[in-house]
>>> print(open('target_39.txt').read())   # compact mmCIF, C-alpha atoms
# COMPACT_ATOMS: atom_id res chain seq x y z
CA MET U 105 -13.79 6.80 -52.56
CA ASP U 106 -15.38 4.45 -55.06
CA HIS U 107 -18.87 2.99 -55.17
CA PHE U 108 -18.04 0.04 -52.97
CA GLU U 109 -16.52 2.24 -50.30
CA ARG U 110 -19.55 4.53 -50.32
CA GLN U 111 -21.82 1.53 -50.01
CA LEU U 112 -19.69 0.18 -47.22
CA THR U 113 -19.92 3.47 -45.36
CA GLN U 114 -23.67 3.52 -45.82
CA LEU U 115 -23.96 -0.07 -44.69
CA MET U 116 -22.03 0.63 -41.53
CA HIS U 117 -24.15 3.63 -40.65
CA GLN U 118 -27.58 2.36 -41.48
CA ASP U 119 -29.99 0.75 -39.13
CA ARG U 120 -28.04 1.01 -35.98
CA GLN U 121 -29.77 -1.09 -33.39
CA PRO U 122 -30.96 1.05 -30.50
CA ALA U 123 -29.15 -0.01 -27.36
CA SER U 124 -30.18 1.71 -24.19
CA PHE U 125 -28.03 2.12 -21.15
CA GLU U 126 -29.76 -0.23 -18.75
CA ALA U 127 -29.48 -0.70 -15.03
CA ARG U 128 -27.41 -3.83 -15.43
CA HIS U 129 -24.94 -1.88 -17.51
CA ARG U 130 -24.73 0.73 -14.80
CA GLU U 131 -24.14 -1.91 -12.14
CA ALA U 132 -21.50 -3.63 -14.22
CA LEU U 133 -19.81 -0.30 -14.75
CA ARG U 134 -19.81 0.48 -11.04
CA ALA U 135 -18.42 -2.96 -10.26
CA GLY U 136 -15.72 -2.48 -12.86
CA VAL U 137 -14.77 0.89 -11.42
CA ARG U 138 -14.58 -0.56 -7.91
CA ALA U 139 -12.47 -3.50 -9.03
CA ARG U 140 -10.11 -1.29 -10.97
CA ARG U 141 -9.82 1.08 -8.04
CA ARG U 142 -8.89 -1.81 -5.77
CA VAL U 143 -6.27 -2.98 -8.23
CA ARG U 144 -4.82 0.50 -8.54
CA THR U 145 -4.73 0.93 -4.78
CA ALA U 146 -3.05 -2.43 -4.29
CA ARG U 147 -0.54 -1.67 -7.01
CA ARG U 148 0.23 1.73 -5.55
CA THR U 149 0.61 0.29 -2.06
CA ALA U 150 2.92 -2.43 -3.31
CA GLY U 151 4.96 0.15 -5.16
CA SER U 152 5.26 2.34 -2.09
CA VAL U 153 6.33 -0.60 0.04
CA LEU U 154 8.94 -1.58 -2.51
CA VAL U 155 10.27 1.96 -2.71
CA VAL U 156 10.50 2.28 1.07
CA ALA U 157 12.15 -1.12 1.36
CA GLY U 158 14.63 -0.22 -1.35
CA LEU U 159 15.49 3.08 0.29
CA GLY U 160 15.89 1.43 3.67
CA LEU U 161 18.15 -1.23 2.23
CA GLY U 162 20.15 1.38 0.42
CA LEU U 163 20.62 3.44 3.54
CA LEU U 164 21.55 0.33 5.50
CA LEU U 165 24.25 -0.64 3.04
CA TRP U 166 25.45 2.91 2.48
CA PRO U 167 29.11 3.19 3.60
CA HIS U 168 29.47 5.76 6.37
CA GLY U 169 30.80 6.26 9.91
CA HIS U 170 34.01 4.40 10.88
CA THR U 171 34.70 2.96 7.52
CA VAL U 172 35.39 6.37 6.01
CA ASP U 173 38.41 7.09 8.23
CA ARG U 174 40.31 4.00 7.29
CA PRO U 175 40.79 4.65 3.59
CA SER U 176 42.11 8.11 4.31
CA ALA U 177 44.99 6.75 6.40
CA PRO U 178 47.14 5.49 3.51
CA GLN U 179 47.51 8.98 2.07
CA PRO U 180 50.25 10.03 4.56
CA MET U 181 52.10 6.82 3.78
CA SER U 182 53.34 8.30 0.55
CA SER U 183 55.26 11.08 2.31
CA PRO U 184 56.55 9.83 5.63
CA GLY U 185 60.06 11.18 5.09
CA PRO U 186 59.42 14.84 4.41
CA THR U 187 57.27 15.30 7.44
CA PRO U 188 59.94 15.00 10.10
CA SER U 189 62.25 17.35 8.26
CA SER U 190 59.58 19.93 7.75
CA SER U 191 58.23 19.77 11.27
CA PRO U 192 61.12 21.49 12.94
CA THR U 193 60.92 24.52 10.73
CA GLY U 194 57.45 25.48 11.63
CA SER U 195 56.53 23.55 14.68
CA PRO U 196 53.70 25.83 15.79
CA THR U 197 52.01 25.85 12.44
CA GLU U 198 52.39 22.20 11.55
CA SER U 199 51.38 20.83 14.86
CA PRO U 200 47.78 20.16 13.69
CA SER U 201 49.03 18.14 10.76
CA ALA U 202 51.53 16.24 12.81
CA PRO U 203 49.07 13.93 14.64
CA PRO U 204 47.88 12.19 11.49
CA TYR U 205 51.46 11.55 10.47
CA THR U 206 52.56 10.04 13.73
CA PRO U 207 50.40 6.87 13.53
CA SER U 208 52.10 5.89 10.34
CA GLY U 209 55.39 7.31 11.44
CA PRO U 210 56.49 4.86 14.10
CA SER U 211 56.69 1.99 11.71
CA SER U 212 58.29 3.88 8.85
CA THR U 213 60.65 6.23 10.69
CA PRO U 214 62.04 4.64 13.76
CA THR U 215 64.84 7.19 13.90
CA ASP U 216 62.49 10.02 14.56
CA THR U 217 61.75 8.91 18.05
CA ALA U 218 61.29 12.47 19.08
CA THR U 219 57.70 12.27 17.97
CA PRO U 220 56.34 8.92 19.00
CA ASP U 221 53.09 10.43 20.17
CA GLY U 222 50.99 12.93 18.44
CA THR U 223 50.85 15.18 21.44
CA SER U 224 54.55 15.25 22.15
CA ALA U 225 55.34 16.26 18.60
CA THR U 226 54.74 19.88 19.37
CA SER U 227 56.84 19.86 22.48
CA VAL U 228 59.76 18.08 20.93
CA PRO U 229 61.35 20.94 18.98
CA PRO U 230 61.95 23.09 22.06
CA ALA U 231 63.28 20.08 23.98
CA THR U 232 65.75 19.19 21.27
CA THR U 233 67.30 22.57 21.33
CA GLY U 234 69.54 21.56 24.15
CA GLY U 235 70.52 18.22 22.67
CA PRO U 236 73.24 17.59 20.16
CA ALA U 237 70.77 16.51 17.57
CA THR U 238 69.34 19.96 17.47
CA ALA U 239 71.93 21.00 14.97
CA THR U 240 70.39 18.69 12.41
CA HIS U 241 66.78 19.10 13.42
CA ALA U 242 66.83 22.84 13.68
CA PRO U 243 67.57 24.16 10.24
CA PRO U 244 67.54 27.80 11.28
CA PRO U 245 70.86 28.43 12.80
CA ALA U 246 69.17 30.77 15.21
CA THR U 247 68.55 27.83 17.50
CA SER U 248 72.21 27.29 17.75
CA THR U 249 72.67 30.79 19.04
CA ALA U 250 69.94 30.24 21.54
CA ARG U 251 71.82 27.24 22.86
CA ASP U 252 74.22 29.41 24.70
CA ASP U 253 71.52 31.69 25.95
CA SER U 254 69.75 28.70 27.53
CA SER U 255 66.41 30.19 26.65
CA THR U 256 64.03 27.83 24.99
CA THR U 257 61.41 30.31 23.95
CA PRO U 258 63.56 33.10 22.64
CA PRO U 259 64.43 31.36 19.39
CA ALA U 260 61.07 32.25 18.04
CA THR U 261 61.39 35.85 19.03
CA ALA U 262 64.91 36.08 17.85
CA SER U 263 64.09 34.69 14.47
CA VAL U 264 61.10 36.97 14.15
CA SER U 265 62.96 40.07 15.08
CA ALA U 266 65.70 39.52 12.59
CA PRO U 267 64.67 37.18 9.84
CA ALA U 268 67.46 38.05 7.45
CA GLU U 269 70.18 39.57 9.56
CA PRO U 270 70.36 36.96 12.36
CA SER U 271 71.44 34.40 9.87
CA SER U 272 74.40 36.50 9.06
CA GLU U 273 75.03 37.07 12.74
CA VAL U 274 74.98 33.37 13.45
CA SER U 275 77.35 32.65 10.71
CA ALA U 276 79.50 35.45 11.92
CA GLY U 277 79.37 34.17 15.52
CA ASP U 278 80.38 30.68 14.57
CA MET O 587 -17.34 17.00 -6.18
CA GLU O 588 -17.55 13.26 -6.55
CA GLN O 589 -21.31 13.48 -7.02
CA THR O 590 -20.92 16.05 -9.77
CA ARG O 591 -18.32 13.95 -11.47
CA ALA O 592 -20.49 10.85 -11.26
CA GLY O 593 -23.49 12.74 -12.54
CA GLU O 594 -21.68 14.11 -15.56
CA TYR O 595 -20.15 10.75 -16.29
CA ASP O 596 -23.48 8.94 -16.06
CA ALA O 597 -25.08 11.50 -18.33
CA PHE O 598 -22.37 11.07 -20.92
CA VAL O 599 -22.52 7.29 -20.81
CA ALA O 600 -26.30 7.21 -21.04
CA ALA O 601 -26.29 9.64 -23.97
CA ARG O 602 -23.53 7.97 -25.97
CA TRP O 603 -24.05 4.33 -25.05
CA SER O 604 -25.90 3.40 -28.21
CA VAL O 605 -23.34 4.99 -30.55
CA LEU O 606 -20.40 3.57 -28.68
CA PHE O 607 -21.96 0.15 -28.49
CA HIS O 608 -22.47 0.10 -32.22
CA LEU O 609 -18.86 1.06 -32.74
CA ALA O 610 -17.75 -1.67 -30.35
CA ARG O 611 -19.91 -4.15 -32.17
CA LEU O 612 -18.37 -3.30 -35.52
CA LEU O 613 -14.91 -3.46 -34.01
CA THR O 614 -15.58 -6.93 -32.68
CA GLY O 615 -17.11 -8.20 -35.89
CA GLY O 616 -20.64 -8.38 -34.49
CA ASP O 617 -19.90 -10.19 -31.25
CA ARG O 618 -22.45 -8.62 -28.93
CA HIS O 619 -21.05 -9.94 -25.67
CA ARG O 620 -17.52 -9.14 -26.59
CA ALA O 621 -18.65 -5.66 -27.63
CA GLU O 622 -20.27 -5.11 -24.24
CA ASP O 623 -17.16 -6.23 -22.42
CA LEU O 624 -15.00 -4.02 -24.57
CA LEU O 625 -17.20 -1.01 -24.02
CA GLN O 626 -17.35 -1.66 -20.27
CA GLU O 627 -13.58 -1.77 -20.09
CA SER O 628 -13.25 1.43 -22.03
CA LEU O 629 -15.82 3.25 -19.94
CA VAL O 630 -14.16 2.10 -16.72
CA LYS O 631 -10.93 3.58 -17.99
CA LEU O 632 -12.80 6.73 -18.89
CA TRP O 633 -14.02 7.07 -15.30
CA PHE O 634 -10.50 7.42 -13.97
CA VAL O 635 -9.52 10.09 -16.48
CA TRP O 636 -12.89 11.81 -16.51
CA PRO O 637 -11.68 15.00 -14.73
CA LYS O 638 -9.05 15.43 -17.42
CA VAL O 639 -11.03 14.64 -20.55
CA ALA O 640 -14.54 15.65 -19.55
CA ASP O 641 -14.18 19.14 -20.93
CA GLU O 642 -12.30 18.10 -24.03
CA ALA O 643 -13.30 14.98 -25.95
CA PRO O 644 -14.41 12.05 -23.83
CA GLU O 645 -15.90 10.25 -26.83
CA ALA O 646 -12.61 10.47 -28.72
CA TYR O 647 -10.88 8.98 -25.71
CA VAL O 648 -13.34 6.08 -25.55
CA ARG O 649 -13.00 5.55 -29.29
CA LYS O 650 -9.25 5.36 -28.99
CA VAL O 651 -9.41 2.90 -26.10
CA LEU O 652 -11.97 0.78 -27.92
CA ALA O 653 -10.04 0.67 -31.17
CA ARG O 654 -6.73 -0.12 -29.55
CA ALA O 655 -8.22 -2.81 -27.34
CA ALA O 656 -9.97 -4.36 -30.32
CA ALA O 657 -6.81 -4.24 -32.43
CA ARG O 658 -4.86 -5.86 -29.59
CA SER O 659 -7.36 -8.63 -29.13
CA ALA O 660 -5.60 -10.87 -31.65
CA ARG O 661 -2.50 -10.93 -29.51
CA ARG O 662 -4.48 -11.55 -26.37
CA ARG O 663 -6.61 -14.32 -27.87
CA TRP O 664 -9.37 -14.12 -25.38
CA TRP O 665 -12.46 -14.05 -27.47
CA GLY O 666 -11.88 -16.93 -29.82
CA GLU O 667 -12.48 -15.65 -33.32
CA ARG O 668 -12.82 -18.55 -35.74
CA PRO O 669 -12.65 -18.07 -39.50
CA VAL O 670 -15.23 -20.04 -41.48
CA GLU O 671 -15.28 -21.29 -45.00
CA GLN O 672 -18.79 -20.12 -45.86
CA LEU O 673 -20.37 -16.84 -44.88
CA PRO O 674 -23.83 -16.93 -43.30
CA GLU O 675 -26.61 -17.28 -45.78
CA VAL O 676 -27.81 -14.14 -47.45
CA ALA O 677 -31.39 -12.99 -46.88
CA ALA O 678 -33.69 -12.94 -49.81
CA ALA O 679 -34.15 -9.65 -51.56
CA GLY O 680 -37.25 -7.77 -50.56
CA ASP O 681 -37.37 -9.38 -47.19
CA MET O 682 -38.32 -7.11 -44.29
CA SER O 683 -35.27 -8.27 -42.44
CA ALA O 684 -33.00 -7.62 -45.39
CA THR O 685 -31.33 -4.68 -43.70
CA VAL O 686 -30.71 -6.63 -40.57
CA ALA O 687 -29.39 -9.51 -42.61
CA GLU O 688 -27.07 -7.15 -44.42
CA ARG O 689 -25.80 -5.95 -41.12
CA SER O 690 -25.15 -9.42 -39.92
CA ARG O 691 -23.54 -10.14 -43.25
CA LEU O 692 -21.42 -7.08 -42.88
CA GLU O 693 -20.44 -8.05 -39.35
CA ALA O 694 -19.66 -11.57 -40.47
CA ALA O 695 -17.47 -10.17 -43.19
CA LEU O 696 -15.78 -7.84 -40.74
CA ALA O 697 -15.11 -10.82 -38.52
CA GLN O 698 -13.05 -12.28 -41.35
CA LEU O 699 -10.58 -9.46 -41.19
CA THR O 700 -7.67 -9.27 -38.86
CA PRO O 701 -8.33 -7.08 -35.80
CA GLN O 702 -6.01 -4.37 -37.11
CA GLN O 703 -7.66 -4.34 -40.51
CA ARG O 704 -11.10 -4.31 -38.95
CA ALA O 705 -10.24 -1.43 -36.64
CA ALA O 706 -8.73 0.56 -39.49
CA VAL O 707 -11.71 -0.05 -41.76
CA VAL O 708 -14.25 0.81 -39.07
CA LEU O 709 -12.46 3.99 -38.07
CA ARG O 710 -12.01 5.00 -41.69
CA TYR O 711 -15.48 4.22 -43.04
CA TYR O 712 -17.76 4.30 -40.03
CA GLN O 713 -16.11 7.09 -38.07
CA ASP O 714 -15.09 8.90 -41.27
CA LEU O 715 -11.65 9.63 -39.89
CA PRO O 716 -8.79 10.58 -42.20
CA ASP O 717 -5.80 8.28 -42.42
CA ARG O 718 -3.72 10.44 -40.12
CA GLN O 719 -6.35 10.30 -37.39
CA VAL O 720 -6.85 6.58 -37.87
CA ALA O 721 -3.14 6.11 -37.37
CA GLU O 722 -3.18 8.31 -34.30
CA THR O 723 -6.10 6.44 -32.82
CA LEU O 724 -4.50 3.06 -33.43
CA GLY O 725 -1.09 4.28 -32.33
CA CYS O 726 0.72 3.27 -35.50
CA PRO O 727 2.34 5.03 -38.49
CA VAL O 728 0.09 6.51 -41.14
CA GLY O 729 1.38 4.11 -43.78
CA THR O 730 0.56 1.15 -41.59
CA ALA O 731 -2.94 2.39 -40.92
CA ARG O 732 -3.48 3.06 -44.61
CA SER O 733 -2.21 -0.40 -45.46
CA HIS O 734 -4.51 -2.04 -42.93
CA ALA O 735 -7.50 -0.14 -44.27
CA ALA O 736 -6.67 -0.89 -47.91
CA ARG O 737 -6.18 -4.59 -47.30
CA GLY O 738 -9.31 -4.75 -45.21
CA VAL O 739 -11.39 -3.07 -47.87
CA ALA O 740 -9.94 -5.32 -50.54
CA ARG O 741 -10.94 -8.35 -48.57
CA LEU O 742 -14.39 -6.96 -47.84
CA ARG O 743 -14.79 -6.30 -51.53
CA ARG O 744 -14.44 -9.98 -52.20
CA LEU O 745 -16.56 -11.09 -49.26
CA LEU O 746 -19.39 -8.66 -49.93
CA ALA O 747 -19.34 -8.84 -53.69
CA ASP O 748 -22.88 -10.17 -53.84
CA VAL O 749 -24.21 -7.72 -51.27
CA ILE O 750 -22.78 -4.55 -52.71
CA GLU O 751 -23.22 -4.65 -56.45
CA PRO O 752 -20.55 -2.99 -58.49
CA VAL O 753 -21.62 -0.01 -60.55
CA GLY O 754 -22.21 -0.65 -64.23
>>> encode(input="target_39.txt", output="structure tokens")
Amino acid sequence: MDHFERQLTQLMHQDRQPASFEARHREALRAGVRARRRVRTARRTAGSVLVVAGLGLGLLLWPHGHTVDRPSAPQPMSSPGPTPSSSPTGSPTESPSAPPYTPSGPSSTPTDTATPDGTSATSVPPATTGGPATATHAPPPATSTARDDSSTTPPATASVSAPAEPSSEVSAGD
Amino acid sequence: MEQTRAGEYDAFVAARWSVLFHLARLLTGGDRHRAEDLLQESLVKLWFVWPKVADEAPEAYVRKVLARAAARSARRRWWGERPVEQLPEVAAAGDMSATVAERSRLEAALAQLTPQQRAAVVLRYYQDLPDRQVAETLGCPVGTARSHAARGVARLRRLLADVIEPVG
């Protein structure tokens, strides 16, 4: 710090005019505080209103409800063929998955008329046992043995009792 | 709670008003009305942060608000600083009002500086702050603050050459 800078420092410090904090200063300060408080309150209120409006608009435009089910329908379209062939094998287990397939099924697989409705899909396999088409629809040959027995329900029991051997029996019987 | 807060705040303002007003006056280049407005603004801001800074350094907070507002004033252009060709006349030596005249001369010279230079010079030479603290107060890099102060002092050296005699 050179001489000029020291003099400058001294000049800035010396002879500071006494300035008292008067009543008018106090009033002006109070008025300033009130005005600023009003501005802050108004700004905060406007911000809250904007946030609420934005959230409401967002919730209003949020996709939900019926529109969600429609996009999920095209997924079964990719595999309409395998479903009819797989349904006969495990009709009791696949019955829950059959209803979603049936809406798309009628247009794509007109030959599988055995399952036009979602509800009748479960009852179709037993009904087809007596028909000639059962030979194709019922992969397990056990159904063919049950044809002569005229018992619709036994096929399940027969297949369960002898999973490996009945196949040989059927082949031996035919 | 509010009464206590208001009481402490009023006590602080009443005690430090004179010092802060002088600082504001230097920062504004001697404009008394502008200095009052600047100090009012800063103290209003202090009121809203008083619970946070009351126990720490309320004066440092006011100083920072004052300096930044004064340095910003060039961009806001709301107090109409006008540079003049000739500085106000110098008081005769030995006059009783020589000190006051020097002050007005000093303020007139400060008014010739840019707001950033003036703030840096005042913080550096009136508040005796180191460069790092000047930069922190002004919210700029240390090099920038040092540059503002150096350029401001260089200009003051020319403006106040006849007031502050060089040694030797």
>>> atom_distance(input="target_39.txt", atom1="atom CA of O:Leu746", atom2="atom CA of O:Gly616")
15.5 Å
>>> interface_residues(input="target_39.txt", of="chain U", to="chain O", cutoff="9 Å", atoms="only C-alpha atoms", output="compact mmCIF listing (two decimals) with C-alpha atoms, in the frame of the given file")
# COMPACT_ATOMS: atom_id res chain seq x y z
CA HIS U 107 -18.87 2.99 -55.17
CA PHE U 108 -18.04 0.04 -52.97
CA GLU U 109 -16.52 2.24 -50.30
CA ARG U 110 -19.55 4.53 -50.32
CA GLN U 111 -21.82 1.53 -50.01
CA LEU U 112 -19.69 0.18 -47.22
CA THR U 113 -19.92 3.47 -45.36
CA GLN U 114 -23.67 3.52 -45.82
CA LEU U 115 -23.96 -0.07 -44.69
CA MET U 116 -22.03 0.63 -41.53
CA HIS U 117 -24.15 3.63 -40.65
CA GLN U 118 -27.58 2.36 -41.48
CA ASP U 119 -29.99 0.75 -39.13
CA ARG U 120 -28.04 1.01 -35.98
CA GLN U 121 -29.77 -1.09 -33.39
CA PRO U 122 -30.96 1.05 -30.50
CA ALA U 123 -29.15 -0.01 -27.36
CA SER U 124 -30.18 1.71 -24.19
CA PHE U 125 -28.03 2.12 -21.15
CA GLU U 126 -29.76 -0.23 -18.75
CA HIS U 129 -24.94 -1.88 -17.51
CA ARG U 130 -24.73 0.73 -14.80
CA ALA U 132 -21.50 -3.63 -14.22
CA LEU U 133 -19.81 -0.30 -14.75
CA ARG U 134 -19.81 0.48 -11.04
CA GLY U 136 -15.72 -2.48 -12.86
CA VAL U 137 -14.77 0.89 -11.42
CA ARG U 140 -10.11 -1.29 -10.97
CA ARG U 141 -9.82 1.08 -8.04
>>> atom_distance(input="target_39.txt", atom1="atom CA of O:Leu624", atom2="atom CA of O:Lys650")
11.9 Å
>>> atom_distance(input="target_39.txt", atom1="atom CA of O:Arg620", atom2="atom CA of O:Ala657")
13.1 Å
>>> residues_around(input="target_39.txt", residues="O:Gln702", least_positions_apart="5", cutoff="8 Å", atoms="only C-alpha atoms", output="number ranges by chain")
O: 656-658, 734
>>> residues_around(input="target_39.txt", residues="O:Pro716", least_positions_apart="6", cutoff="10 Å", atoms="all atoms listed in the file", output="PyMOL selection string")
chain O and resi 709-710+722+728+732
